[in-house]
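J.: I am sharing upload26.cif, which consists of mmCIF, C-alpha atoms:
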```cif
data_structure
loop_
_atom_site.label_atom_id
_atom_site.label_comp_id
_atom_site.auth_asym_id
_atom_site.auth_seq_id
_atom_site.Cartn_x
_atom_site.Cartn_y
_atom_site.Cartn_z
CA MET A 1 -25.94 5.19 0.30
CA ALA A 2 -26.93 1.53 0.65
CA ASN A 3 -24.55 -1.38 1.08
CA ARG A 4 -21.71 0.52 2.69
CA GLU A 5 -19.66 -1.55 5.11
CA PHE A 6 -16.65 -1.17 7.36
CA ALA A 7 -14.12 -3.72 8.55
CA LEU A 8 -12.52 -3.24 11.96
CA VAL A 9 -9.02 -4.74 11.70
CA LEU A 10 -6.80 -5.24 14.75
CA HIS A 11 -3.13 -5.47 13.78
CA ASP A 12 -0.27 -7.11 15.70
CA ILE A 13 -2.30 -9.51 17.83
CA ALA A 14 -0.07 -11.35 20.33
CA PRO A 15 0.00 -11.92 24.10
CA ILE A 16 2.25 -8.90 24.62
CA THR A 17 -0.10 -6.54 22.74
CA TRP A 18 -3.42 -7.84 24.07
CA PRO A 19 -3.35 -5.66 27.23
CA ASP A 20 -3.31 -2.59 24.97
CA TYR A 21 -6.42 -3.78 23.15
CA ARG A 22 -8.44 -5.32 25.98
CA ALA A 23 -10.44 -2.29 27.17
CA PHE A 24 -10.99 -1.08 23.61
CA VAL A 25 -12.37 -4.43 22.46
CA GLU A 26 -14.66 -4.55 25.49
CA GLU A 27 -16.01 -1.11 24.64
CA VAL A 28 -16.59 -2.08 21.00
CA ASP A 29 -18.38 -5.24 22.14
CA SER A 30 -20.69 -3.07 24.26
CA MET A 31 -21.88 -1.30 21.09
CA GLY A 32 -23.47 -4.48 19.75
CA LYS A 33 -22.51 -7.19 17.32
CA ILE A 34 -19.43 -5.80 15.57
CA PRO A 35 -17.27 -8.50 13.99
CA MET A 36 -13.55 -7.87 13.82
CA THR A 37 -10.59 -9.16 11.82
CA TRP A 38 -7.69 -10.11 14.11
CA LEU A 39 -4.24 -10.12 12.49
CA VAL A 40 -2.42 -12.76 14.51
CA VAL A 41 1.38 -12.77 14.86
CA PRO A 42 2.70 -16.24 15.83
CA ASP A 43 5.80 -15.01 17.73
CA PHE A 44 5.86 -11.22 18.02
CA HIS A 45 9.47 -9.95 17.88
CA HIS A 46 10.67 -13.43 18.90
CA ARG A 47 9.43 -12.82 22.44
CA SER A 48 5.66 -13.27 22.58
CA ASN A 49 4.51 -16.67 21.30
CA THR A 50 0.78 -16.61 20.65
CA PHE A 51 0.46 -20.35 20.14
CA LYS A 52 2.17 -21.25 23.43
CA ASP A 53 -0.01 -18.92 25.49
CA THR A 54 -3.05 -20.82 26.75
CA ASP A 55 -5.02 -17.72 27.69
CA MET A 56 -4.39 -16.07 24.32
CA LEU A 57 -5.44 -19.18 22.44
CA GLN A 58 -8.62 -19.41 24.49
CA LEU A 59 -9.40 -15.77 23.72
CA LEU A 60 -8.88 -16.27 19.98
CA HIS A 61 -11.05 -19.39 19.98
CA GLN A 62 -13.79 -17.38 21.71
CA ARG A 63 -13.49 -14.52 19.24
CA ARG A 64 -13.75 -16.88 16.28
CA GLU A 65 -16.88 -18.41 17.81
CA ARG A 66 -18.34 -14.88 18.02
CA GLY A 67 -17.91 -14.51 14.27
CA ASP A 68 -14.57 -12.73 14.16
CA GLU A 69 -11.98 -13.53 11.50
CA LEU A 70 -8.44 -14.64 12.34
CA ALA A 71 -5.77 -13.91 9.73
CA LEU A 72 -2.02 -14.55 9.67
CA HIS A 73 0.11 -11.42 10.13
CA GLY A 74 3.70 -12.31 9.33
CA PHE A 75 5.47 -14.65 11.71
CA TYR A 76 7.79 -12.54 13.89
CA HIS A 77 6.69 -9.06 12.78
CA CYS A 78 10.25 -7.77 12.75
CA ASP A 79 12.89 -7.44 10.06
CA ASP A 80 15.58 -9.88 11.19
CA ALA A 81 17.22 -10.32 7.76
CA PRO A 82 20.83 -9.24 7.03
CA ALA A 83 21.44 -5.50 6.88
CA PRO A 84 20.25 -3.65 3.74
CA ARG A 85 22.80 -3.19 0.95
CA THR A 86 21.19 -0.66 -1.37
CA PRO A 87 19.86 2.88 -0.75
CA ARG A 88 16.32 1.76 -1.62
CA ASP A 89 16.48 -1.15 0.79
CA TYR A 90 17.91 1.10 3.49
CA PHE A 91 15.03 3.52 3.05
CA MET A 92 12.37 0.78 3.12
CA ARG A 93 13.89 -1.20 5.99
CA ARG A 94 15.36 1.46 8.25
CA LEU A 95 13.58 4.76 7.55
CA TYR A 96 10.10 3.69 6.40
CA THR A 97 9.88 0.82 8.90
CA TYR A 98 11.89 -1.66 10.93
CA GLU A 99 9.08 -4.21 10.84
CA GLY A 100 8.80 -5.13 7.15
CA GLU A 101 9.50 -8.79 7.90
CA PHE A 102 8.49 -10.17 4.50
CA TYR A 103 10.13 -7.42 2.42
CA PRO A 104 13.75 -8.75 2.36
CA LEU A 105 13.01 -12.48 2.51
CA SER A 106 13.94 -14.90 -0.27
CA TYR A 107 11.32 -17.21 -1.73
CA ALA A 108 12.59 -20.11 0.39
CA ASP A 109 12.65 -18.15 3.65
CA ALA A 110 9.23 -16.62 3.05
CA LEU A 111 7.81 -20.04 2.15
CA GLU A 112 9.17 -21.55 5.36
CA ARG A 113 7.57 -18.89 7.55
CA LEU A 114 4.27 -19.06 5.70
CA GLN A 115 4.13 -22.84 6.04
CA ARG A 116 4.90 -22.64 9.74
CA GLY A 117 2.11 -20.11 10.22
CA VAL A 118 -0.32 -22.24 8.24
CA GLU A 119 0.49 -25.29 10.37
CA LEU A 120 -0.10 -23.37 13.59
CA PHE A 121 -3.57 -22.31 12.41
CA ARG A 122 -4.34 -25.84 11.24
CA ALA A 123 -3.34 -27.29 14.59
CA GLN A 124 -5.99 -25.08 16.24
CA GLY A 125 -8.62 -26.02 13.66
CA TRP A 126 -8.91 -22.39 12.52
CA PRO A 127 -9.86 -21.61 8.91
CA LEU A 128 -7.27 -19.33 7.37
CA GLU A 129 -8.07 -17.18 4.36
CA GLY A 130 -6.01 -14.02 4.78
CA PHE A 131 -2.35 -13.13 5.08
CA VAL A 132 -1.25 -9.55 5.76
CA ALA A 133 2.47 -8.78 5.71
CA PRO A 134 3.82 -6.60 8.52
CA ALA A 135 3.87 -2.97 7.34
CA TRP A 136 2.00 -4.31 4.26
CA LEU A 137 5.39 -4.96 2.63
CA LEU A 138 5.98 -7.98 0.39
CA GLY A 139 9.23 -8.48 -1.47
CA GLU A 140 9.24 -10.39 -4.74
CA GLY A 141 10.29 -13.65 -3.09
CA ALA A 142 7.48 -13.38 -0.56
CA ARG A 143 4.96 -12.45 -3.28
CA GLN A 144 5.79 -15.63 -5.16
CA ALA A 145 5.77 -17.80 -2.04
CA LEU A 146 2.39 -16.44 -0.93
CA LYS A 147 0.83 -17.55 -4.21
CA THR A 148 1.53 -21.20 -3.39
CA GLN A 149 -0.15 -21.52 0.01
CA GLY A 150 -3.86 -21.44 -0.77
CA PHE A 151 -4.64 -18.09 0.84
CA THR A 152 -7.69 -16.24 -0.47
CA TYR A 153 -6.40 -12.70 -0.07
CA THR A 154 -3.72 -10.29 1.06
CA SER A 155 -3.90 -6.50 1.33
CA ASP A 156 -2.14 -3.16 1.47
CA PRO A 157 -3.50 0.17 2.76
CA GLY A 158 -5.53 0.86 -0.37
CA GLN A 159 -6.65 -2.50 -1.72
CA LEU A 160 -7.44 -6.12 -1.07
CA TYR A 161 -5.75 -8.57 -3.45
CA PHE A 162 -7.42 -11.81 -4.43
CA LEU A 163 -4.86 -14.60 -4.59
CA PRO A 164 -3.06 -16.27 -6.25
CA ASP A 165 -3.05 -13.74 -9.12
CA TYR A 166 -3.19 -10.59 -6.93
CA THR A 167 -6.41 -9.30 -8.47
CA PRO A 168 -6.89 -5.84 -6.85
CA ILE A 169 -10.14 -4.83 -5.20
CA LYS A 170 -10.35 -1.25 -3.98
CA ALA A 171 -10.84 -1.07 -0.21
CA PRO A 172 -9.40 2.12 1.35
CA SER A 173 -8.08 2.18 4.91
CA LEU A 174 -7.95 4.64 7.74
CA VAL A 175 -4.64 4.22 9.60
CA TRP A 176 -3.02 6.28 12.34
CA SER A 177 0.61 7.10 12.95
CA ALA A 178 0.51 7.49 16.72
CA ARG A 179 4.15 7.34 17.81
CA SER A 180 4.64 11.08 18.25
CA ARG A 181 2.43 14.04 19.16
CA TRP A 182 2.69 15.77 15.79
CA ARG A 183 1.96 12.50 13.96
CA ARG A 184 -1.11 11.94 16.10
CA GLY A 185 -2.36 15.43 15.32
CA MET A 186 -1.80 14.99 11.60
CA SER A 187 -3.39 11.54 11.66
CA TRP A 188 -6.68 12.99 12.89
CA VAL A 189 -6.72 15.47 9.99
CA VAL A 190 -5.60 12.95 7.34
CA ASN A 191 -8.06 10.27 8.42
CA GLU A 192 -11.03 12.59 8.61
CA ARG A 193 -10.30 13.80 5.09
CA ALA A 194 -9.95 10.21 3.90
CA ARG A 195 -13.18 9.16 5.60
CA ARG A 196 -15.08 11.91 3.82
CA ARG A 197 -13.33 11.25 0.51
CA HIS A 198 -14.26 7.57 0.59
CA ARG A 199 -17.88 8.02 1.68
CA GLN A 200 -19.09 6.23 -1.44
CA ALA A 201 -16.71 3.27 -1.15
CA PRO A 202 -18.52 -0.04 -0.58
CA LEU A 203 -15.92 -1.03 2.04
CA ILE A 204 -13.71 1.08 4.27
CA ARG A 205 -11.18 -0.55 6.58
CA LEU A 206 -10.19 0.71 10.00
CA GLY A 207 -6.59 -0.42 10.55
CA LEU A 208 -5.82 -0.24 14.27
CA HIS A 209 -2.48 -0.86 16.00
CA PRO A 210 -1.63 -1.43 19.67
CA VAL A 211 0.13 1.93 19.93
CA ASP A 212 -3.17 3.63 19.00
CA MET A 213 -4.64 2.34 22.25
CA ARG A 214 -1.95 4.06 24.36
CA HIS A 215 -3.02 7.60 23.46
CA ALA A 216 -6.36 9.16 24.32
CA ILE A 217 -6.67 11.07 21.03
CA SER A 218 -6.25 8.03 18.77
CA ARG A 219 -8.27 5.66 20.96
CA ARG A 220 -11.10 8.21 21.15
CA TYR A 221 -10.92 8.76 17.41
CA TRP A 222 -11.44 5.08 16.64
CA LEU A 223 -14.38 4.72 19.04
CA THR A 224 -15.99 7.89 17.69
CA THR A 225 -15.47 6.77 14.10
CA ILE A 226 -17.06 3.38 14.74
CA ARG A 227 -20.11 5.01 16.30
CA ARG A 228 -20.34 7.54 13.47
CA LEU A 229 -20.16 4.85 10.79
CA LEU A 230 -22.90 2.85 12.52
CA GLU A 231 -25.08 5.95 12.77
CA GLU A 232 -24.53 6.62 9.05
CA GLY A 233 -25.81 3.16 8.17
CA TYR A 234 -22.56 1.32 7.57
CA ARG A 235 -22.67 -2.38 8.32
CA PRO A 236 -19.72 -3.92 10.22
CA THR A 237 -18.09 -6.93 8.60
CA THR A 238 -14.88 -8.92 8.42
CA LYS A 239 -12.62 -8.79 5.41
CA ILE A 240 -13.31 -12.37 4.37
CA SER A 241 -17.09 -11.99 4.76
CA TRP A 242 -17.08 -8.88 2.59
CA LEU A 243 -14.90 -10.57 -0.05
CA GLN A 244 -17.20 -13.57 -0.21
CA ARG A 245 -20.23 -11.37 -0.84
CA HIS A 246 -18.38 -9.00 -3.15
CA CYS A 247 -17.14 -11.80 -5.38
CA SER A 248 -20.52 -13.49 -5.40
CA GLN A 249 -22.22 -10.28 -6.52
CA HIS A 250 -19.67 -8.99 -9.02
CA ASP A 251 -17.91 -11.98 -10.56
CA GLN A 252 -19.85 -12.68 -13.72
CA THR A 253 -17.88 -15.81 -14.63
CA GLY A 254 -18.30 -17.43 -11.24
CA THR A 255 -14.59 -18.20 -11.12
CA LEU A 256 -13.70 -16.04 -8.16
CA SER A 257 -16.80 -16.75 -6.15
CA SER A 258 -16.41 -20.51 -6.60
CA ARG A 259 -12.94 -20.26 -5.07
CA MET A 260 -13.92 -18.14 -2.10
CA GLY A 261 -15.05 -21.08 -0.01
CA THR A 262 -11.80 -22.97 -0.47
CA ARG A 263 -9.99 -23.44 2.82
CA LEU A 264 -6.34 -24.14 3.34
CA GLU A 265 -6.93 -27.78 4.22
CA ASN A 266 -8.19 -28.27 0.67
CA ALA A 267 -5.52 -26.15 -1.00
CA ARG A 268 -3.26 -27.63 -3.62
CA PRO A 269 0.00 -29.11 -2.26
CA ALA A 270 2.82 -26.64 -1.68
CA PRO A 271 6.12 -27.09 -3.54
CA ASN A 272 7.68 -28.38 -0.30
CA PRO A 273 5.91 -30.31 2.49
CA PRO A 274 4.62 -28.16 5.36
CA LEU A 275 7.03 -27.77 8.22
CA ASN A 276 6.16 -28.93 11.70
CA ASN A 277 6.35 -26.27 14.36
#
```
Please re-express this file's structure in structure tokens.
T.:
Amino acid sequence: MANREFALVLHDIAPITWPDYRAFVEEVDSMGKIPMTWLVVPDFHHRSNTFKDTDMLQLLHQRRERGDELALHGFYHCDDAPAPRTPRDYFMRRLYTYEGEFYPLSYADALERLQRGVELFRAQGWPLEGFVAPAWLLGEGARQALKTQGFTYTSDPGQLYFLPDYTPIKAPSLVWSARSRWRRGMSWVVNERARRRHRQAPLIRLGLHPVDMRHAISRRYWLTTIRRLLEEGYRPTTKISWLQRHCSQHDQTGTLSSRMGTRLENARPAPNPPLNN
């Protein structure tokens, strides 16, 4: 099938996680020109500050010059809000994940973190179109705050969402759960089934995490899958590049495609002035 593409998305990018990714990225680079989307965390778990690490900043500048996309991925990537009070919140924040940073935040707290992230990207001169919440979880306050900041898109495992109105665009993901042996075994089965099921999808996303790189089975799976997709005629892309072309081709009114080129420096003013880092 023509016009099938895949987006290689590296989650949890920070100085502390880069050693996990380094050899993998080098191997992908050796396959040819494969653009990637890097989900950058400003201060991973309050202990790995991307924007104060000279070597990390240099690397990200180099990757952007290669054609890679840099997107904002939370701010701390950990849930540091007060303890959950309801059974649902306990399930989402303690059983499902401990890293749903933007799930419990109020509008004001989410807005503050978003503005700080935006300012850090601006200070580097990086265009910023995408925001992805840690664990793909957005609470209602964060959903409303995200609409105000001029981002082009956000996403969850099944879809991309064009902002500010959260227009869904189907874009399935392959994602591993690599933290235990049985999860790694099941992930191989689940992802292979999903890959075959979505063979006709115009875009499939490969959502990688640092822990995937620490286990031979998951690391090998991702490298094999990339090679297989290339052999099957898929074209590698970034999320923002695919969205730009998708909207240009499919938006009959021109409304979406005319907004795709808008960068954050031209976005409408936020309700409160941006915060200085």
J.: In Å, with one decimal, what is the gap from atom CA of Leu59 of chain A to atom CA of Leu128 of chain A?
T.: 16.9 Å
J.: Once the PyMOL selection byres ((chain A and resi 21-24) around 10) has been applied to the shown file, what residues remain in the selection, as an MDAnalysis selection string?
T.: chainID A and resid 10 13 17:20 25:30 208:214 219:220 222:223
J.: Under the rule that all atoms listed in the file are counted, which of A:Thr54, A:Gln149, A:Gln244, A:Thr238 is the nearest residue to Trp38 of chain A?
T.: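 Under the stated criterion, the closest residue is A:Thr238.
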J.: Using only C-alpha atoms, determine which residues lie at most 12 Å from Phe102 of chain A, disregarding the query and same-chain residues fewer than 3 positions distant; provide the list as a PyMOL selection string.
T.: chain A and resi 73-81+92-93+97-99+105-114+131-146
J.: Quick one: distance from atom CA of Phe162 of chain A to atom CA of Cys247 of chain A in Å, one decimal?
T.: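 Atom CA of Phe162 of chain A sits 9.8 Å away from atom CA of Cys247 of chain A.
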J.: Provide the atom CA of Glu232 of chain A to atom CA of Arg195 of chain A distance in Å, to one decimal place.
T.: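 A separation of 12.1 Å between them.
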J.: Care to translate the PyMOL selection byres ((chain A and resi 167-171) around 9) into actual residues of this file, as a PDB file with C-alpha atoms, in the frame of the given file?
T.:
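Dumped to selection_10.pdb:
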```
ATOM      1  CA  SER A 155      -3.900  -6.500   1.330  1.00  0.00           C
ATOM      2  CA  PRO A 157      -3.500   0.170   2.760  1.00  0.00           C
ATOM      3  CA  GLY A 158      -5.530   0.860  -0.370  1.00  0.00           C
ATOM      4  CA  GLN A 159      -6.650  -2.500  -1.720  1.00  0.00           C
ATOM      5  CA  LEU A 160      -7.440  -6.120  -1.070  1.00  0.00           C
ATOM      6  CA  TYR A 161      -5.750  -8.570  -3.450  1.00  0.00           C
ATOM      7  CA  PHE A 162      -7.420 -11.810  -4.430  1.00  0.00           C
ATOM      8  CA  LEU A 163      -4.860 -14.600  -4.590  1.00  0.00           C
ATOM      9  CA  PRO A 164      -3.060 -16.270  -6.250  1.00  0.00           C
ATOM     10  CA  ASP A 165      -3.050 -13.740  -9.120  1.00  0.00           C
ATOM     11  CA  TYR A 166      -3.190 -10.590  -6.930  1.00  0.00           C
ATOM     12  CA  PRO A 172      -9.400   2.120   1.350  1.00  0.00           C
ATOM     13  CA  SER A 173      -8.080   2.180   4.910  1.00  0.00           C
ATOM     14  CA  ALA A 201     -16.710   3.270  -1.150  1.00  0.00           C
ATOM     15  CA  PRO A 202     -18.520  -0.040  -0.580  1.00  0.00           C
ATOM     16  CA  LEU A 203     -15.920  -1.030   2.040  1.00  0.00           C
ATOM     17  CA  ILE A 204     -13.710   1.080   4.270  1.00  0.00           C
ATOM     18  CA  ARG A 205     -11.180  -0.550   6.580  1.00  0.00           C
TER      19      ARG A 205
END
```
J.: Write out as a list in words each polymer residue whose atoms come within 12 Å of Arg183 of chain A, counting all atoms listed in the file; drop sequence neighbours fewer than 5 positions from it.
T.: Val175, Trp176, Ser177, Ala178, Trp188, Val189, Val190, Asn191, Asp212, His215, Ile217 and Ser218 of chain A
J.: Could you write those residues out with C-alpha atoms, as a compact mmCIF listing (two decimals), in the frame of the given file?
T.:
```
# COMPACT_ATOMS: atom_id res chain seq x y z
CA VAL A 175 -4.64 4.22 9.60
CA TRP A 176 -3.02 6.28 12.34
CA SER A 177 0.61 7.10 12.95
CA ALA A 178 0.51 7.49 16.72
CA TRP A 188 -6.68 12.99 12.89
CA VAL A 189 -6.72 15.47 9.99
CA VAL A 190 -5.60 12.95 7.34
CA ASN A 191 -8.06 10.27 8.42
CA ASP A 212 -3.17 3.63 19.00
CA HIS A 215 -3.02 7.60 23.46
CA ILE A 217 -6.67 11.07 21.03
CA SER A 218 -6.25 8.03 18.77
```
J.: Could you list, as a ChimeraX atom specification, every residue matched by the PyMOL selection byres ((chain A and resi 61-68) around 6) in this structure?
T.: /A:35-37,58-60,69
